[in-house]
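What follows is a short report on a single structure.
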Amino acid sequence: MEQDLFVSPALAAGDVAVREDRRAFQPVGKAKFFTLYLLTFGMYHIVWFYLHWANFKVARKEPMWPVARSVFALFFTHALTSEIDQEISRRDVRHAWAPKALATTVVLLSLFLWVMGRAPSDVIPDAVAIPLSFVALVPLALACWSIQDAANIACGDPKGETNAKFSWANWIWIVLFGLLMLFVLMGTLLIVVDAFIG
């Protein structure tokens, strides 16, 4: 089966054939979302994006490659928020949100984190880049949650109750990344202290 990597997901409402047994997006509970997003240093973003596009592909029978859309999420963030907004409209549900502004915020913060992670230490010292990355991760998670909140509404599950419990795989990631987070925070503290004392 031929798949077009960059096929546009934007379809007119009348052209969409929705499978009733499959939601177009992935619902997620708030506590689960923030725990996985923050403890994985935002790497949950890739999985989160993949699950949305994988659901969308099946529900809409849309030829696309969800893996590519998750890896190159920056290029598909606006498309995702647009599809979520269209689904909310189809359901005739009121939800005050700004899909384009949220998508732009996610893209800009993601680019900022990418720059902080790759900037040479003689340009941006680690004592500055690492703390800034941690700080920027919080508004990024909040912006992504606003998108997820809209996706939950689009799924007819406003609180994400159908996907609020942690699976055994979630717990494995929580433990592994929790330990990693502890080591990174300790290392960051040492770098910052050394920068100011040394």
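We label chains A, B, ... in the order they appear in the structure tokens, count residues from 1 in each chain, and number ligands from 1 in the order shown.
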Proximity of range 175-194 of chain A to range 37-42 of chain A: per-residue shortest pair, 8 Å limit, only C-alpha atoms, as JSON lines:
{"residue": "A:Phe177", "atom": "CA", "partner": "A:Thr40", "partner_atom": "CA", "distance": 5.6}
{"residue": "A:Gly178", "atom": "CA", "partner": "A:Leu39", "partner_atom": "CA", "distance": 5.9}
{"residue": "A:Met181", "atom": "CA", "partner": "A:Leu39", "partner_atom": "CA", "distance": 6.8}
(message) Can you tell me which residues surround Ser89 in chain A at a distance of at most 12 Å, considering only C-alpha atoms, apart from same-chain residues fewer than 4 positions away, and format the answer as a list in words?
(response) Ala12, Ala13, Ser82, Glu83, Ile84, Asp85, Val93, Arg94, His95, Ala96, Ala150, Ala151, Ile153, Ala154 and Cys155 of chain A
(message) Using only C-alpha atoms, which protein or nucleic acid residues come within 7 Å of Leu113 in chain A? Drop anything in the same chain fewer than 4 positions from it, and give the result as a list in words.
(response)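 With the cut-off at 7 Å, the set is Leu109, Gly117 and Ser133 of chain A.
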Export C-alpha atoms of the chosen residues as a CSV table (one decimal), in the first residue's frame?
chain,number,residue,atom,x,y,z
A,109,LEU,CA,9.3,26.5,22.4
A,117,GLY,CA,20.4,21.4,23.7
A,133,SER,CA,15.8,24.1,29.1
(request) Kindly indicate which residue among A:Arg91, A:Leu80, A:Lys100, A:Leu132 lies nearest to Val115 in chain A, using only C-alpha atoms for the distances. (result)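 That would be A:Leu132, the residue with the smallest distance to Val115 in chain A.
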(message) One decimal, in Å: what's the spacing between CA of Leu189 in chain A and CA of Val135 in chain A?
(response)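 These atoms are spaced 14.0 Å apart.
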(message) Using Å and a single decimal, report how far CA of Thr188 in chain A sits from CA of Asp126 in chain A.
(response)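 Computing the Euclidean distance for CA of Asp126 in chain A and CA of Thr188 in chain A yields 8.3 Å.
Between CA of Lys30 in chain A and CA of Glu62 in chain A the interatomic distance comes to 28.2 Å.
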(request) Based on DSSP run over this structure's backbone, return all residues of range 4-198 of chain A in alpha helix (DSSP H), as a ChimeraX atom specification. (result) /A:30-39,44-60,66-71,77-90,99-118,126-154,168-197
(request) Would you mind telling me which residue in A:Trp48, A:Met186, A:Phe75, A:Val193 lies nearest to Lys32 in chain A when using only C-alpha atoms? (result)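 Looking at the shortest contact to Lys32 in chain A, the residue is A:Trp48.
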(message) Here is a test: counting only C-alpha atoms, which residue of A:Thr77, A:Asn152, A:Gly187, A:Thr35 is nearest to Lys165 in chain A?
(response) A:Thr35
With a distance cut-off of 9 Å and only C-alpha atoms, select the neighbouring residues of Ala54 in chain A, excluding the residue or stretch itself and same-chain residues fewer than 2 positions from it, and output the selection as a tab-separated table (two decimals) with N, CA and C atoms, in the first residue's frame.
chain	number	residue	atom	x	y	z
A	24	ALA	N	-10.86	9.61	16.67
A	24	ALA	CA	-9.92	10.23	15.74
A	24	ALA	C	-8.62	10.66	16.42
A	25	PHE	N	-8.65	10.77	17.76
A	25	PHE	CA	-7.45	11.20	18.48
A	25	PHE	C	-7.27	10.35	19.73
A	26	GLN	N	-6.19	10.57	20.44
A	26	GLN	CA	-5.85	9.77	21.62
A	26	GLN	C	-6.20	10.54	22.90
A	49	PHE	N	2.44	12.50	19.90
A	49	PHE	CA	2.13	12.87	18.53
A	49	PHE	C	1.81	11.65	17.68
A	50	TYR	N	2.62	10.61	17.84
A	50	TYR	CA	2.40	9.38	17.06
A	50	TYR	C	1.01	8.80	17.32
A	51	LEU	N	0.61	8.72	18.59
A	51	LEU	CA	-0.68	8.14	18.93
A	51	LEU	C	-1.85	8.93	18.34
A	52	HIS	N	-1.73	10.25	18.34
A	52	HIS	CA	-2.78	11.07	17.72
A	52	HIS	C	-2.90	10.77	16.23
A	56	PHE	N	-5.84	8.97	14.06
A	56	PHE	CA	-6.43	9.74	12.97
A	56	PHE	C	-6.39	8.95	11.66
A	57	LYS	N	-5.27	8.31	11.40
A	57	LYS	CA	-5.12	7.53	10.16
A	57	LYS	C	-6.17	6.43	10.07
A	58	VAL	N	-6.37	5.70	11.16
A	58	VAL	CA	-7.34	4.60	11.16
A	58	VAL	C	-8.77	5.13	11.09
A	59	ALA	N	-9.07	6.14	11.91
A	59	ALA	CA	-10.44	6.66	11.96
A	59	ALA	C	-10.86	7.30	10.64
A	64	MET	N	-1.24	8.05	5.35
A	64	MET	CA	-0.17	8.87	5.91
A	64	MET	C	0.76	7.96	6.70
A	65	TRP	N	1.86	8.50	7.14
A	65	TRP	CA	2.84	7.77	7.92
A	65	TRP	C	2.96	8.44	9.28
A	66	PRO	N	2.24	7.94	10.31
A	66	PRO	CA	2.26	8.58	11.64
A	66	PRO	C	3.65	8.70	12.25
A	67	VAL	N	4.54	7.75	11.95
A	67	VAL	CA	5.91	7.81	12.51
A	67	VAL	C	6.61	9.08	12.02
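Distances to Arg23 in chain A were evaluated for A:Trp114, A:Phe183, A:Phe166, A:Trp53 using only C-alpha atoms, and the minimum falls at A:Trp53.
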(message) Quick one: residues within 8 Å of Ile147 in chain A, only C-alpha atoms, excluding same-chain residues fewer than 6 positions away - as a PyMOL selection string?
(response) chain A and resi 81+99+102
Go ahead and dump the residues you just picked, N, CA and C atoms, as a short mmCIF file (atom, residue, chain, number, x, y, z; two decimals), in the first residue's frame.
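Result written to again.cif:
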data_model
loop_
_atom_site.label_atom_id
_atom_site.label_comp_id
_atom_site.auth_asym_id
_atom_site.auth_seq_id
_atom_site.Cartn_x
_atom_site.Cartn_y
_atom_site.Cartn_z
N THR A 81 -3.57 20.50 15.30
CA THR A 81 -4.53 21.37 16.00
C THR A 81 -5.72 21.73 15.11
N PRO A 99 -6.24 27.25 18.49
CA PRO A 99 -5.41 26.19 17.92
C PRO A 99 -4.14 26.67 17.21
N LEU A 102 -1.62 28.11 19.82
CA LEU A 102 -1.03 27.02 20.60
C LEU A 102 0.00 26.25 19.78
#
